[in-house]
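Below: one structure, written as structure tokens.
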Amino acid sequence: MSRRSGILEFAVLGLLRESPMHGYELRKRLNTSLGVFRAFSYGTLYPCLKTLVTNGWLIEEAGNTPEDALTATLAGRRAKIVYRLTAEGKEHFEELLSQTGPDAYEDEHFAARFAFFGQTSRDVRMRVLEGRRSRLEERLEKMRSSLARTRERLDDYTLELQRHGMESVEREVRWLNELIESERVGRDLKGPEGSAQQDSTSGESGGLPRLGGTPEPDPSDGTTT
């Protein structure tokens, strides 16, 4: 499994832990909530969903309500396929949430992990944040060393681009410092056993926002599942 497909599976499981959804709603939530998924398509999502069903982590159900089924029947279409997380899928997602290896610190995976911090235990959040900060500090040191070696050979625009890149990394490091400090304060106030589901440090970062907008054609509302 590629790193990108692994991130997608993680995000799909996390969203379906909140509630069952059909494919169109899942795609809308993914590509407007997490930047890493803004360019992906149904051609990427549906193979992922099929894999998760095959693994026993999701089940497919027809239509949410009798009205859905009736509408589909009258229109000569199959009812929308709704995807629901199984008990095994929930257990697998919780196992993924507990992982704090190097992949969790990378740009794309960190964004997905952070989006579900509200469902993540405090000690795991701390390890991911500190690992991400360490990774960025290493990146920043390499960027500074590279700039010091090549400064004299760079034109003004390339030099400005290098500075902009460093400033972006420095801003994220400061942001991570603030988050880590908030987590530490929360731990001191609530004790090491504090819940990760609802506390002053998790805020609303642990769930993806409900989204609206103009509907698009949904492949799951026809012959495509």
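Naming works like this for the structure tokens: A, B, ... for the chains as they're shown, residue 1 at the start of each chain, ligands 1 onward in shown order.
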Selection near Glu172 in chain A, 12 Å with only C-alpha atoms, sequence-local residues under 6 positions removed, as a list in words: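 The residues that qualify are Asp107, Leu129, Arg132, Arg133, Ser134, Arg135, Leu136, Glu137, Arg139, Leu140, Gly165, Met166, Glu178 and Leu179 of chain A.
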Residue list (strand (DSSP E or B), DSSP) for range 70-182 of chain A, as a PyMOL selection string: chain A and resi 81-85
Coordinates-based distance that separates CA of Pro47 in chain A from CA of Glu60 in chain A (Å, one decimal): 13.5 Å
Non-local contacts of Arg113 in chain A (8 Å; only C-alpha atoms; under 3 positions in same chain excluded) as a list in words: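 So, after excluding close chain neighbours, the residues are Leu97, Ala104, His109, Phe110, Phe116 and Phe117 of chain A.
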